[in-house]
Every structure is written in C-alpha cells, then in structure tokens.
>>> print(open('model_21.cif').read())   # mmCIF, C-alpha atoms and all ligand atoms
data_coords
loop_
_atom_site.label_atom_id
_atom_site.label_comp_id
_atom_site.auth_asym_id
_atom_site.auth_seq_id
_atom_site.Cartn_x
_atom_site.Cartn_y
_atom_site.Cartn_z
CA MET A 1 -30.07 8.81 -11.46
CA SER A 2 -26.67 9.89 -12.70
CA SER A 3 -23.61 8.47 -11.04
CA LEU A 4 -19.86 8.92 -11.03
CA GLN A 5 -16.95 6.67 -10.26
CA VAL A 6 -15.15 7.28 -6.98
CA ASP A 7 -11.79 5.87 -5.88
CA VAL A 8 -11.16 4.63 -2.36
CA LEU A 9 -7.61 5.54 -1.32
CA ALA A 10 -5.65 3.54 1.24
CA TYR A 11 -2.14 3.23 2.58
CA GLU A 12 -0.45 0.03 3.70
CA ALA A 13 1.04 0.31 7.18
CA PRO A 14 1.37 -1.99 10.20
CA CYS A 15 -1.00 -2.26 13.11
CA GLU A 16 0.57 -0.51 16.09
CA ARG A 17 -0.32 -3.43 18.36
CA CYS A 18 0.42 -6.64 16.38
CA SER A 19 2.40 -5.32 13.38
CA PHE A 20 -0.01 -6.93 10.92
CA SER A 21 0.15 -4.95 7.70
CA LEU A 22 -3.24 -3.49 6.89
CA TRP A 23 -4.73 -1.09 4.39
CA TRP A 24 -5.66 2.12 6.16
CA VAL A 25 -8.55 3.64 4.24
CA PHE A 26 -8.12 7.42 4.38
CA GLY A 27 -9.86 9.10 1.46
CA LEU A 28 -12.26 9.30 -1.46
CA LEU A 29 -11.69 11.05 -4.78
CA PRO A 30 -13.46 10.96 -8.18
CA SER A 31 -11.71 8.59 -10.59
CA TYR A 32 -11.94 10.94 -13.57
CA ARG A 33 -10.87 14.59 -13.65
CA PRO A 34 -10.82 15.00 -9.86
CA ARG A 35 -10.24 18.41 -8.33
CA GLY A 36 -8.10 18.87 -5.24
CA GLU A 37 -10.89 20.39 -3.19
CA GLU A 38 -13.06 17.29 -3.72
CA PHE A 39 -10.72 15.11 -1.67
CA THR A 40 -12.79 13.65 1.17
CA THR A 41 -11.30 12.04 4.26
CA THR A 42 -13.02 8.91 5.55
CA ASP A 43 -13.46 10.08 9.11
CA PHE A 44 -17.18 10.80 9.19
CA PRO A 45 -20.10 8.37 8.86
CA GLU A 46 -21.29 9.13 5.32
CA ALA A 47 -17.76 8.82 3.91
CA VAL A 48 -17.06 5.63 5.86
CA ASP A 49 -20.32 4.19 4.55
CA MET A 50 -19.51 5.08 0.94
CA ALA A 51 -16.00 3.62 1.21
CA ARG A 52 -17.38 0.44 2.75
CA ARG A 53 -19.94 -0.04 -0.02
CA ILE A 54 -17.35 0.46 -2.77
CA LEU A 55 -14.87 -1.89 -1.08
CA ALA A 56 -17.53 -4.55 -0.51
CA ALA A 57 -18.74 -4.66 -4.15
CA PRO A 58 -19.11 -8.29 -5.24
CA ASP A 59 -16.81 -7.97 -8.27
CA GLY A 60 -13.89 -6.79 -6.14
CA ASP A 61 -11.47 -8.50 -3.77
CA THR A 62 -11.53 -5.94 -0.98
CA ALA A 63 -14.39 -7.31 1.11
CA ASP A 64 -11.91 -7.91 3.94
CA VAL A 65 -10.93 -4.23 3.89
CA ALA A 66 -14.61 -3.24 3.93
CA ALA A 67 -15.15 -5.47 6.96
CA GLN A 68 -12.36 -3.67 8.83
CA LEU A 69 -14.09 -0.29 8.51
CA TYR A 70 -15.75 0.71 11.71
CA ASP A 71 -18.42 3.28 12.52
CA ARG A 72 -17.78 5.87 15.17
CA PRO A 73 -19.05 4.57 18.50
CA ALA A 74 -21.83 6.67 19.99
CA TRP A 75 -19.75 7.48 23.07
CA GLN A 76 -16.80 8.89 21.17
CA ARG A 77 -16.62 12.66 21.12
CA GLY A 78 -14.72 15.04 18.94
CA ARG A 79 -14.73 15.52 15.24
CA SER A 80 -11.91 13.31 14.06
CA PHE A 81 -12.25 9.59 13.83
CA ASN A 82 -10.23 6.65 12.52
CA PRO A 83 -12.54 4.02 10.96
CA ASN A 84 -9.81 1.41 10.40
CA ARG A 85 -9.59 -1.64 12.62
CA CYS A 86 -6.85 -4.26 12.41
CA GLY A 87 -8.02 -7.35 10.53
CA ALA A 88 -5.73 -9.61 12.56
CA CYS A 89 -6.04 -8.55 16.22
CA GLY A 90 -9.04 -6.20 16.06
CA HIS A 91 -7.10 -3.25 17.47
CA HIS A 92 -8.84 0.02 16.78
CA ALA A 93 -6.25 2.80 16.71
CA ASP A 94 -7.29 6.32 17.56
CA TRP A 95 -7.44 9.28 15.21
CA HIS A 96 -3.81 10.27 15.70
CA VAL A 97 -2.55 7.15 13.94
CA LEU A 98 -4.66 7.83 10.85
CA ASP A 99 -3.70 11.50 11.01
CA ALA A 100 -0.02 10.52 10.89
CA ILE A 101 -0.71 8.34 7.85
CA LEU A 102 -2.56 11.19 6.13
CA THR A 103 0.36 13.52 6.76
CA HIS A 104 2.82 10.96 5.46
CA VAL A 105 0.84 10.29 2.28
CA TYR A 106 0.36 14.00 1.69
CA HIS A 107 4.11 14.53 1.67
CA HIS A 108 5.47 11.25 0.34
CA LYS A 109 2.62 9.74 -1.74
CA GLY A 110 2.73 5.93 -1.93
CA TRP A 111 -1.01 5.38 -1.50
CA ILE A 112 -3.02 2.50 -2.97
CA HIS A 113 -6.11 2.74 -5.15
CA ALA A 114 -7.94 0.16 -3.05
CA ALA A 115 -11.14 0.06 -5.11
CA ALA A 116 -13.38 2.13 -7.35
CA GLY A 117 -17.14 2.12 -7.66
CA ARG A 118 -20.04 4.14 -8.93
CA VAL A 119 -22.06 6.26 -6.52
CA PRO A 120 -25.06 8.55 -7.10
CA VAL A 121 -23.98 12.10 -7.93
CA PRO A 122 -26.17 13.76 -5.25
CA GLU A 123 -24.68 11.48 -2.62
CA TRP A 124 -21.17 12.47 -3.69
CA ARG A 125 -22.05 16.17 -3.78
CA ALA A 126 -23.32 15.91 -0.21
CA ILE A 127 -19.98 14.73 1.15
CA ARG A 128 -17.22 15.83 -1.27
CA GLY A 129 -14.51 17.87 0.37
CA GLY A 130 -15.76 16.73 3.77
CA GLY A 131 -13.88 15.51 6.79
CA GLN A 132 -10.59 17.26 7.34
CA GLY A 133 -11.05 19.56 4.34
CA ILE A 134 -7.61 18.77 2.95
CA HIS A 135 -6.86 20.05 -0.54
CA TRP A 136 -5.39 17.07 -2.40
CA PRO A 137 -2.32 18.17 -4.35
CA TYR A 138 -2.01 15.17 -6.70
CA CYS A 139 -4.88 15.62 -9.13
ZN ZN B 1 -3.32 -5.76 14.96
#
>>> encode(input="model_21.cif", output="structure tokens", more="lines below")
Ligand SMILES: [Zn+2]
Amino acid sequence: MSSLQVDVLAYEAPCERCSFSLWWVFGLLPSYRPRGEEFTTTDFPEAVDMARRILAAPDGDTADVAAQLYDRPAWQRGRSFNPNRCGACGHHADWHVLDAILTHVYHHKGWIHAAAGRVPVPEWRAIRGGGQGIHWPYC
C-alpha cells in the first residue's frame, strides 16, 4: 500500500495549572508539497490516533508526547476537543486553551515539527482537512 510522510505540528506552551512547559499537539500536514486545505487539526479521534502513532515511533524521542495525547471521553459532548494532557500534573485543559494556541500559531507562527512518519495514503485521505477545517497559510 502506498504511503506518505506526515508531520505532527506542536507548540510549546505552559500548562495552565502547574506551568510545566509542554508540547501542545495541534495539527497534521504532509511533509512534502503540502497544500493549505490539507491541514488537519488533532481534535477528532482519527487525527489524534495518527498523531499518537507517529509520535510513538520507536526511532523517535517523542514517546512522552504521544503518551500525553488523550482520547475524547465518551461523556464529552460538542465537536471540539483538546487531546493534550500535561505530562507533569495530568491536567487536561479544555478546548478553549488549544483553540487559543491554534489562533496564536496561525498569526505568529513559532510551531515545532514534533515528529514525522509514514502513514497509508487512504488513511490520510480519509482525514485530511478534518477537524476545524482551517486553511493553513504557511505551505
Ligand atoms: Zn500541569
């Protein structure tokens, strides 16, 4: 099966409870020749799962970031979801904190390429552009 390389994008910002600086995973984008409309926010299960698998790859050093990514609890309603949990105190901020980070990065850049990994093309096609549907301006 054909595959493509996808980048996991993150932004370093403190936990609102304990001030520990963590990498907030917010998006996925193809590593090569990405298009703005393919930008995919990591606020729905399939995107969270893909980000976690890329971050947890054995040849990388981002297993701790992968372990901080959280699935949406069954009781939580609404469309938007923050998957990032603080690695120090376990605080799980709500969507608004990740939304503020997304807005900041969109306007001021400064994100981190946290990891990159190959994923099956059909799997990427099924989720690309998903989540908040933000057109990424930095391709
Ligand atoms: Zn914390």
>>> closest_atom_pairs(input="model_21.cif", of="chain A", to="ligand ZN 1 (chain B)", cutoff="8 Å", atoms="only C-alpha atoms and all ligand atoms", output="JSON lines")
{"residue": "A:Pro14", "atom": "CA", "partner": "B:ZN1", "partner_atom": "ZN", "distance": 7.7}
{"residue": "A:Cys15", "atom": "CA", "partner": "B:ZN1", "partner_atom": "ZN", "distance": 4.6}
{"residue": "A:Glu16", "atom": "CA", "partner": "B:ZN1", "partner_atom": "ZN", "distance": 6.6}
{"residue": "A:Arg17", "atom": "CA", "partner": "B:ZN1", "partner_atom": "ZN", "distance": 5.1}
{"residue": "A:Cys18", "atom": "CA", "partner": "B:ZN1", "partner_atom": "ZN", "distance": 4.1}
{"residue": "A:Ser19", "atom": "CA", "partner": "B:ZN1", "partner_atom": "ZN", "distance": 6.0}
{"residue": "A:Phe20", "atom": "CA", "partner": "B:ZN1", "partner_atom": "ZN", "distance": 5.4}
{"residue": "A:Arg85", "atom": "CA", "partner": "B:ZN1", "partner_atom": "ZN", "distance": 7.9}
{"residue": "A:Cys86", "atom": "CA", "partner": "B:ZN1", "partner_atom": "ZN", "distance": 4.6}
{"residue": "A:Gly87", "atom": "CA", "partner": "B:ZN1", "partner_atom": "ZN", "distance": 6.7}
{"residue": "A:Ala88", "atom": "CA", "partner": "B:ZN1", "partner_atom": "ZN", "distance": 5.1}
{"residue": "A:Cys89", "atom": "CA", "partner": "B:ZN1", "partner_atom": "ZN", "distance": 4.1}
{"residue": "A:Gly90", "atom": "CA", "partner": "B:ZN1", "partner_atom": "ZN", "distance": 5.8}
{"residue": "A:His91", "atom": "CA", "partner": "B:ZN1", "partner_atom": "ZN", "distance": 5.2}
>>> atom_distance(input="model_21.cif", atom1="CA of Thr103 (chain A)", atom2="CA of Pro137 (chain A)")
12.3 Å
>>> closest_residue(input="model_21.cif", among="A:Glu12, A:Asp49, A:Glu38, A:Asp64", to="Val119 (chain A)", atoms="all atoms listed in the file")
A:Asp49
>>> atom_distance(input="model_21.cif", atom1="CA of Trp23 (chain A)", atom2="CA of Val6 (chain A)")
17.5 Å
>>> closest_residue(input="model_21.cif", among="A:Gly60, A:Gly78, A:Pro73, A:Pro83", to="Phe26 (chain A)", atoms="only C-alpha atoms")
A:Pro83
>>> atom_distance(input="model_21.cif", atom1="CA of Arg77 (chain A)", atom2="CA of Ala10 (chain A)")
24.5 Å
>>> closest_residue(input="model_21.cif", among="A:Ala74, A:Ala100, A:Met1, A:Ile134", to="Ala13 (chain A)", atoms="only C-alpha atoms")
A:Ala100
>>> residues_around(input="model_21.cif", residues="Val8 (chain A)", least_positions_apart="3", cutoff="12 Å", atoms="all atoms listed in the file", output="ChimeraX atom specification")
/A:5,11,23-31,39-42,47-56,62,65-66,111-119
